[in-house]
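A.B. asks: Structure supplied as structure_35.cif; contents: mmCIF, C-alpha atoms.
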```
data_protein
loop_
_atom_site.label_atom_id
_atom_site.label_comp_id
_atom_site.auth_asym_id
_atom_site.auth_seq_id
_atom_site.Cartn_x
_atom_site.Cartn_y
_atom_site.Cartn_z
CA ARG B 1 97.38 55.69 145.34
CA ALA B 2 94.42 56.47 143.09
CA ALA B 3 94.66 60.13 144.10
CA GLN B 4 98.30 60.23 143.05
CA VAL B 5 97.51 58.66 139.70
CA ALA B 6 94.63 61.10 139.16
CA THR B 7 96.87 64.04 140.14
CA MET B 8 99.60 62.81 137.83
CA GLU B 9 97.16 62.42 134.95
CA ALA B 10 95.80 65.93 135.59
CA VAL B 11 99.32 67.36 135.59
CA MET B 12 100.16 65.48 132.37
CA GLU B 13 96.91 66.67 130.79
CA LEU B 14 97.68 70.25 131.84
CA PHE B 15 101.24 69.89 130.53
CA GLN B 16 100.00 68.54 127.16
CA TYR B 17 97.32 71.26 126.97
CA ASN B 18 99.87 74.02 127.63
CA ARG B 19 102.33 72.42 125.23
CA GLY B 20 99.65 72.36 122.52
CA ASN B 21 98.84 76.01 123.15
CA PHE B 22 102.54 76.90 123.13
CA MET B 23 103.09 75.15 119.79
CA PHE B 24 99.94 76.76 118.34
CA ASP B 25 101.13 80.22 119.42
CA ARG B 26 104.58 79.54 118.02
CA LYS B 27 103.09 78.48 114.69
CA LEU B 28 101.05 81.71 114.55
CA ARG B 29 104.14 83.73 115.47
CA GLN B 30 106.16 81.99 112.78
CA THR B 31 103.45 82.65 110.19
CA ARG B 32 103.37 86.32 111.23
CA GLU B 33 107.17 86.63 110.97
CA TYR B 34 107.19 85.10 107.50
CA MET B 35 104.33 87.35 106.43
CA GLU B 36 106.24 90.41 107.69
CA GLN B 37 109.28 89.32 105.70
CA ASP B 38 107.12 88.83 102.62
CA MET B 39 105.55 92.27 103.07
CA ARG B 40 109.02 93.85 103.42
CA ILE B 41 110.09 92.20 100.17
CA LYS B 42 106.94 93.40 98.40
CA GLN B 43 107.52 96.93 99.73
CA PHE B 44 111.05 96.97 98.34
CA LEU B 45 109.79 95.58 95.04
CA LEU B 46 107.43 98.57 94.87
CA TYR B 47 110.34 100.92 95.61
CA ARG B 48 112.34 99.29 92.84
CA GLU B 49 109.42 99.57 90.42
CA ASP B 50 109.05 103.28 91.27
CA ILE B 51 112.73 103.88 90.54
CA ARG B 52 112.44 102.06 87.23
CA ASP B 53 109.33 104.04 86.28
CA LEU B 54 110.93 107.39 87.09
CA THR B 55 114.17 106.67 85.28
CA ASP B 56 112.44 105.07 82.29
CA LEU B 57 110.45 108.27 81.91
CA THR B 58 113.66 110.29 81.54
CA VAL B 59 115.31 107.72 79.29
CA SER B 60 112.31 107.56 76.93
CA LYS B 61 112.03 111.35 76.84
CA MET B 62 115.73 111.70 75.94
CA ASP B 63 115.38 109.00 73.28
CA THR B 64 112.49 110.96 71.75
CA TYR B 65 114.55 114.17 71.76
CA LEU B 66 117.42 112.28 70.16
CA MET B 67 115.23 110.99 67.34
CA ILE B 68 113.87 114.45 66.57
CA ALA B 69 117.33 116.04 66.67
CA LEU B 70 118.72 113.39 64.30
CA LEU B 71 115.85 113.95 61.85
CA GLU B 72 116.52 117.69 61.93
CA ILE B 73 120.25 117.08 61.36
CA GLY B 74 119.26 115.05 58.31
CA CYS B 75 117.14 117.94 57.00
CA CYS B 76 120.02 120.39 57.58
CA LEU B 77 122.42 118.07 55.77
CA ASP B 78 119.99 117.78 52.87
CA LEU B 79 119.68 121.58 52.71
CA LEU B 80 123.47 121.96 52.82
CA VAL B 81 124.09 119.46 50.02
CA GLU B 82 121.11 120.15 47.76
CA GLY B 83 120.49 123.80 48.55
CA VAL B 84 116.73 123.45 48.96
CA ILE B 85 114.33 120.76 50.02
CA ARG B 86 112.55 119.76 46.84
CA GLY B 87 109.23 118.05 46.63
CA ALA B 88 108.48 115.32 44.12
CA GLY B 89 108.71 116.58 40.51
CA SER B 90 109.94 120.11 41.25
CA GLU B 91 112.90 120.74 38.94
CA LYS B 92 112.67 124.53 38.52
CA VAL B 93 115.91 126.35 37.79
CA HIS B 94 116.55 129.46 39.89
CA ALA B 95 118.95 132.35 39.33
CA ALA B 96 122.18 132.29 41.37
CA PRO B 97 121.76 134.13 44.70
CA PRO B 98 124.20 136.83 45.82
CA GLU B 99 127.38 135.55 47.43
CA TRP B 100 126.69 137.20 50.82
CA LEU B 101 123.32 135.42 50.99
CA LEU B 102 124.99 132.11 50.23
CA TRP B 103 127.47 132.63 53.07
CA MET B 104 124.69 133.53 55.51
CA TYR B 105 122.81 130.42 54.40
CA VAL B 106 125.82 128.12 54.93
CA VAL B 107 126.78 129.67 58.28
CA SER B 108 123.23 129.40 59.64
CA LEU B 109 122.99 125.76 58.50
CA ALA B 110 126.37 125.00 60.08
CA GLU B 111 125.23 126.59 63.36
CA ALA B 112 121.97 124.66 63.26
CA MET B 113 123.85 121.41 62.65
CA MET B 114 126.25 122.20 65.51
CA TYR B 115 123.40 122.91 67.96
CA LEU B 116 121.49 119.84 66.83
CA PHE B 117 124.62 117.73 67.21
CA LEU B 118 125.10 119.08 70.75
CA SER B 119 121.44 118.39 71.46
CA SER B 120 121.88 114.79 70.28
CA TRP B 121 125.03 114.38 72.31
CA PHE B 122 123.39 115.73 75.47
CA ALA B 123 120.33 113.52 74.93
CA ILE B 124 122.53 110.43 74.61
CA HIS B 125 124.54 111.46 77.67
CA ALA B 126 121.40 112.13 79.74
CA SER B 127 119.86 108.81 78.71
CA VAL B 128 122.98 106.81 79.58
CA SER B 129 123.52 108.73 82.84
CA CYS B 130 119.94 108.19 83.94
CA HIS B 131 120.10 104.49 83.13
CA SER B 132 123.40 104.03 84.98
CA TYR B 133 122.12 105.96 87.99
CA SER B 134 119.04 103.72 88.00
CA VAL B 135 121.27 100.65 88.07
CA ARG B 136 123.30 102.18 90.90
CA LEU B 137 120.17 102.92 92.93
CA LEU B 138 118.78 99.43 92.39
CA THR B 139 122.01 97.60 93.18
CA GLN B 140 123.36 99.67 96.07
CA PHE B 141 120.51 101.43 97.86
CA VAL B 142 117.24 99.58 97.25
CA ARG B 143 118.26 95.97 97.58
CA LEU B 144 115.73 93.33 98.55
CA PRO B 145 115.77 92.61 102.29
CA VAL B 146 117.04 89.08 102.77
CA PRO B 147 116.42 87.75 106.29
CA SER B 148 119.49 86.70 108.21
CA LYS B 149 119.98 83.32 109.82
CA VAL B 150 119.28 84.87 113.23
CA GLN B 151 115.91 86.21 112.01
CA LEU B 152 114.98 82.86 110.49
CA ASP B 153 115.99 80.99 113.65
CA ALA B 154 114.00 83.43 115.81
CA ALA B 155 110.89 82.74 113.74
CA ALA B 156 111.23 78.95 113.98
CA ALA B 157 109.16 77.04 116.53
CA HIS B 158 110.93 74.42 118.64
CA ALA B 159 109.31 72.13 121.20
CA THR B 160 112.52 72.28 123.23
CA ASP B 161 111.74 75.93 123.97
CA PHE B 162 108.60 74.81 125.78
CA GLU B 163 110.39 72.07 127.63
CA ALA B 164 113.14 74.46 128.74
CA MET B 165 110.61 76.81 130.36
CA GLY B 166 110.28 76.95 134.13
CA VAL B 167 107.31 75.55 136.04
CA GLN B 168 105.80 79.00 136.54
CA ASP B 169 105.84 79.61 132.78
CA LEU B 170 104.24 76.24 132.06
CA VAL B 171 101.16 76.92 134.16
#
```
As structure tokens - that is how I would like this structure written.

C.D. replies:
Amino acid sequence: RAAQVATMEAVMELFQYNRGNFMFDRKLRQTREYMEQDMRIKQFLLYREDIRDLTDLTVSKMDTYLMIALLEIGCCLDLLVEGVIRGAGSEKVHAAPPEWLLWMYVVSLAEAMMYLFLSSWFAIHASVSCHSYSVRLLTQFVRLPVPSKVQLDAAAAHATDFEAMGVQDLV
């Protein structure tokens, strides 16, 4: 009888020892799974940051071009209305230029204004297109990986998994 009790206690001790090891391994596996998910999320956050950096570079460059083109349009408009850009205190009166020179002057200013207007328009279009493409990339192609219920359940540790194992797996 004492041998049976000792054998039973040894089996129970072995069972508890293996169960403890099983639960410890499951906890480590669960921690590893969660860390992998966290690393995947951080990787996609880096991808998203790279996309933002690349598109922000184009947007800021186009905004700079737009500002310069608008300033030059303002100078052309000032030349068209006033005739010359005057500094402070310069009120000299000049003789009337020949008519052909006046026409060349007006036509060249009109062409400059047209090209600067097109430049502004293209800069605005490029900036808006780049920004919208960035949004499209971030919302459709580089979304954060959200684990499914199956992945979360696979990472969870349950004591019933140990108890459902066969005798050969327990030892």

A.B. asks: Between CA of Cys76 in chain B and CA of Ala110 in chain B, what is the distance, to one decimal in Å?

C.D. replies: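 Between CA of Cys76 in chain B and CA of Ala110 in chain B the gap is 8.2 Å.
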
A.B. asks: Would you list the contacts of Leu116 in chain B as a ChimeraX atom specification, taking every protein, DNA or RNA residue within 8 Å and counting all atoms listed in the file, but skipping same-chain residues closer than 5 positions in sequence?

C.D. replies: /B:69-70,72-73

A.B. asks: Would you list the residues near (124.4, 123.9, 48.6) (no more than 12 Å away, in the coordinates of the file, using only C-alpha atoms) as a list in words?

C.D. replies: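 Looking at atoms near the point gives Cys76, Leu77, Asp78, Leu79, Leu80, Val81, Glu82, Gly83, Val84, Ile85, Ala96, Pro97, Leu101, Leu102, Trp103, Met104, Tyr105, Val106, Val107, Leu109 and Ala110 of chain B.
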
A.B. asks: So that I can check the surroundings of Leu137 in chain B, please list as number ranges by chain every protein, DNA and RNA residue that reaches within 12 Å of it, counting only C-alpha atoms and ignoring chain neighbours fewer than 3 positions away.

C.D. replies: B: 47-52, 54-55, 130-134, 140-144

A.B. asks: Work out how far CA of Met39 in chain B is from CA of Lys149 in chain B, in Å to one decimal.

C.D. replies: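 Pair CA of Lys149 in chain B / CA of Met39 in chain B returns 18.3 Å.
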
A.B. asks: Any idea what the distance is between CA of Ile68 in chain B and CA of Tyr115 in chain B?

C.D. replies: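 Answer for the CA of Ile68 in chain B to CA of Tyr115 in chain B separation: 12.8 Å.
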
A.B. asks: Of the candidates B:Thr58, B:Gln43, B:Ser148, B:Gln37, which one gets nearest to Ala123 in chain B if we count all atoms listed in the file?

C.D. replies: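 Smallest distance to Ala123 in chain B is found for B:Thr58.
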
A.B. asks: Closest to Leu66 in chain B among B:Leu118, B:Asn21, B:Thr31, B:Pro147, using only C-alpha atoms?

C.D. replies: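 The closest residue to Leu66 in chain B is B:Leu118.
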
A.B. asks: All heavy atoms for range 45-56 of chain B, written as a PDB file, keeping the file's coordinate frame, could you do that?

C.D. replies:
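See selection-v5.pdb below for the written result:
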```pdb
ATOM      1  N   LEU B  45     110.071  95.758  96.467  1.00  0.00           N
ATOM      2  CA  LEU B  45     109.790  95.580  95.040  1.00  0.00           C
ATOM      3  C   LEU B  45     109.027  96.782  94.489  1.00  0.00           C
ATOM      4  O   LEU B  45     109.267  97.211  93.349  1.00  0.00           O
ATOM      5  CB  LEU B  45     108.991  94.288  94.808  1.00  0.00           C
ATOM      6  CG  LEU B  45     109.771  92.991  94.968  1.00  0.00           C
ATOM      7  CD1 LEU B  45     108.834  91.792  94.846  1.00  0.00           C
ATOM      8  CD2 LEU B  45     110.886  92.896  93.950  1.00  0.00           C
ATOM      9  N   LEU B  46     108.129  97.347  95.296  1.00  0.00           N
ATOM     10  CA  LEU B  46     107.430  98.570  94.870  1.00  0.00           C
ATOM     11  C   LEU B  46     108.393  99.746  94.749  1.00  0.00           C
ATOM     12  O   LEU B  46     108.299 100.537  93.808  1.00  0.00           O
ATOM     13  CB  LEU B  46     106.305  98.901  95.857  1.00  0.00           C
ATOM     14  CG  LEU B  46     105.068  98.022  95.784  1.00  0.00           C
ATOM     15  CD1 LEU B  46     104.101  98.375  96.905  1.00  0.00           C
ATOM     16  CD2 LEU B  46     104.394  98.163  94.444  1.00  0.00           C
ATOM     17  N   TYR B  47     109.332  99.865  95.704  1.00  0.00           N
ATOM     18  CA  TYR B  47     110.340 100.920  95.610  1.00  0.00           C
ATOM     19  C   TYR B  47     111.142 100.773  94.325  1.00  0.00           C
ATOM     20  O   TYR B  47     111.403 101.752  93.626  1.00  0.00           O
ATOM     21  CB  TYR B  47     111.303 100.878  96.795  1.00  0.00           C
ATOM     22  CG  TYR B  47     110.709 101.226  98.134  1.00  0.00           C
ATOM     23  CD1 TYR B  47     111.311 100.792  99.306  1.00  0.00           C
ATOM     24  CD2 TYR B  47     109.556 101.998  98.248  1.00  0.00           C
ATOM     25  CE1 TYR B  47     110.791 101.117 100.547  1.00  0.00           C
ATOM     26  CE2 TYR B  47     109.027 102.312  99.486  1.00  0.00           C
ATOM     27  CZ  TYR B  47     109.653 101.862 100.630  1.00  0.00           C
ATOM     28  OH  TYR B  47     109.130 102.179 101.846  1.00  0.00           O
ATOM     29  N   ARG B  48     111.538  99.536  94.032  1.00  0.00           N
ATOM     30  CA  ARG B  48     112.340  99.290  92.840  1.00  0.00           C
ATOM     31  C   ARG B  48     111.540  99.610  91.570  1.00  0.00           C
ATOM     32  O   ARG B  48     112.068 100.163  90.612  1.00  0.00           O
ATOM     33  CB  ARG B  48     112.843  97.849  92.827  1.00  0.00           C
ATOM     34  CG  ARG B  48     113.847  97.561  93.928  1.00  0.00           C
ATOM     35  CD  ARG B  48     114.176  96.096  94.030  1.00  0.00           C
ATOM     36  NE  ARG B  48     114.893  95.613  92.872  1.00  0.00           N
ATOM     37  CZ  ARG B  48     116.210  95.679  92.722  1.00  0.00           C
ATOM     38  NH1 ARG B  48     116.944  96.220  93.666  1.00  0.00           N
ATOM     39  NH2 ARG B  48     116.782  95.196  91.648  1.00  0.00           N
ATOM     40  N   GLU B  49     110.266  99.272  91.577  1.00  0.00           N
ATOM     41  CA  GLU B  49     109.420  99.570  90.420  1.00  0.00           C
ATOM     42  C   GLU B  49     109.267 101.083  90.241  1.00  0.00           C
ATOM     43  O   GLU B  49     109.289 101.585  89.108  1.00  0.00           O
ATOM     44  CB  GLU B  49     108.051  98.919  90.608  1.00  0.00           C
ATOM     45  CG  GLU B  49     107.130  99.095  89.438  1.00  0.00           C
ATOM     46  CD  GLU B  49     105.778  98.447  89.660  1.00  0.00           C
ATOM     47  OE1 GLU B  49     105.654  97.601  90.567  1.00  0.00           O
ATOM     48  OE2 GLU B  49     104.838  98.798  88.932  1.00  0.00           O
ATOM     49  N   ASP B  50     109.142 101.812  91.354  1.00  0.00           N
ATOM     50  CA  ASP B  50     109.050 103.280  91.270  1.00  0.00           C
ATOM     51  C   ASP B  50     110.316 103.878  90.676  1.00  0.00           C
ATOM     52  O   ASP B  50     110.248 104.783  89.832  1.00  0.00           O
ATOM     53  CB  ASP B  50     108.791 103.882  92.656  1.00  0.00           C
ATOM     54  CG  ASP B  50     107.388 103.605  93.169  1.00  0.00           C
ATOM     55  OD1 ASP B  50     106.529 103.218  92.351  1.00  0.00           O
ATOM     56  OD2 ASP B  50     107.157 103.769  94.379  1.00  0.00           O
ATOM     57  N   ILE B  51     111.456 103.381  91.092  1.00  0.00           N
ATOM     58  CA  ILE B  51     112.730 103.880  90.540  1.00  0.00           C
ATOM     59  C   ILE B  51     112.801 103.594  89.052  1.00  0.00           C
ATOM     60  O   ILE B  51     113.182 104.457  88.250  1.00  0.00           O
ATOM     61  CB  ILE B  51     113.924 103.267  91.293  1.00  0.00           C
ATOM     62  CG1 ILE B  51     114.014 103.860  92.694  1.00  0.00           C
ATOM     63  CG2 ILE B  51     115.224 103.496  90.536  1.00  0.00           C
ATOM     64  CD1 ILE B  51     115.030 103.207  93.580  1.00  0.00           C
ATOM     65  N   ARG B  52     112.418 102.393  88.672  1.00  0.00           N
ATOM     66  CA  ARG B  52     112.440 102.060  87.230  1.00  0.00           C
ATOM     67  C   ARG B  52     111.495 102.950  86.443  1.00  0.00           C
ATOM     68  O   ARG B  52     111.827 103.413  85.351  1.00  0.00           O
ATOM     69  CB  ARG B  52     112.065 100.591  87.037  1.00  0.00           C
ATOM     70  CG  ARG B  52     113.182  99.644  87.341  1.00  0.00           C
ATOM     71  CD  ARG B  52     112.845  98.231  86.877  1.00  0.00           C
ATOM     72  NE  ARG B  52     113.862  97.323  87.333  1.00  0.00           N
ATOM     73  CZ  ARG B  52     113.747  96.524  88.393  1.00  0.00           C
ATOM     74  NH1 ARG B  52     112.636  96.529  89.103  1.00  0.00           N
ATOM     75  NH2 ARG B  52     114.723  95.721  88.744  1.00  0.00           N
ATOM     76  N   ASP B  53     110.297 103.188  86.980  1.00  0.00           N
ATOM     77  CA  ASP B  53     109.330 104.040  86.280  1.00  0.00           C
ATOM     78  C   ASP B  53     109.854 105.458  86.108  1.00  0.00           C
ATOM     79  O   ASP B  53     109.732 106.052  85.025  1.00  0.00           O
ATOM     80  CB  ASP B  53     107.994 104.071  87.035  1.00  0.00           C
ATOM     81  CG  ASP B  53     107.222 102.770  86.928  1.00  0.00           C
ATOM     82  OD1 ASP B  53     107.572 101.949  86.041  1.00  0.00           O
ATOM     83  OD2 ASP B  53     106.287 102.568  87.719  1.00  0.00           O
ATOM     84  N   LEU B  54     110.435 106.014  87.170  1.00  0.00           N
ATOM     85  CA  LEU B  54     110.930 107.390  87.090  1.00  0.00           C
ATOM     86  C   LEU B  54     112.110 107.520  86.139  1.00  0.00           C
ATOM     87  O   LEU B  54     112.195 108.480  85.371  1.00  0.00           O
ATOM     88  CB  LEU B  54     111.320 107.881  88.488  1.00  0.00           C
ATOM     89  CG  LEU B  54     110.155 108.128  89.439  1.00  0.00           C
ATOM     90  CD1 LEU B  54     110.660 108.430  90.833  1.00  0.00           C
ATOM     91  CD2 LEU B  54     109.274 109.250  88.935  1.00  0.00           C
ATOM     92  N   THR B  55     113.013 106.566  86.173  1.00  0.00           N
ATOM     93  CA  THR B  55     114.170 106.670  85.280  1.00  0.00           C
ATOM     94  C   THR B  55     113.803 106.309  83.847  1.00  0.00           C
ATOM     95  O   THR B  55     114.362 106.899  82.918  1.00  0.00           O
ATOM     96  CB  THR B  55     115.330 105.789  85.773  1.00  0.00           C
ATOM     97  OG1 THR B  55     114.872 104.452  85.925  1.00  0.00           O
ATOM     98  CG2 THR B  55     115.887 106.301  87.086  1.00  0.00           C
ATOM     99  N   ASP B  56     112.878 105.394  83.660  1.00  0.00           N
ATOM    100  CA  ASP B  56     112.440 105.070  82.290  1.00  0.00           C
ATOM    101  C   ASP B  56     111.748 106.251  81.635  1.00  0.00           C
ATOM    102  O   ASP B  56     111.830 106.429  80.414  1.00  0.00           O
ATOM    103  CB  ASP B  56     111.512 103.853  82.291  1.00  0.00           C
ATOM    104  CG  ASP B  56     112.250 102.548  82.501  1.00  0.00           C
ATOM    105  OD1 ASP B  56     113.497 102.563  82.410  1.00  0.00           O
ATOM    106  OD2 ASP B  56     111.593 101.524  82.754  1.00  0.00           O
TER     107      ASP B  56
END
```
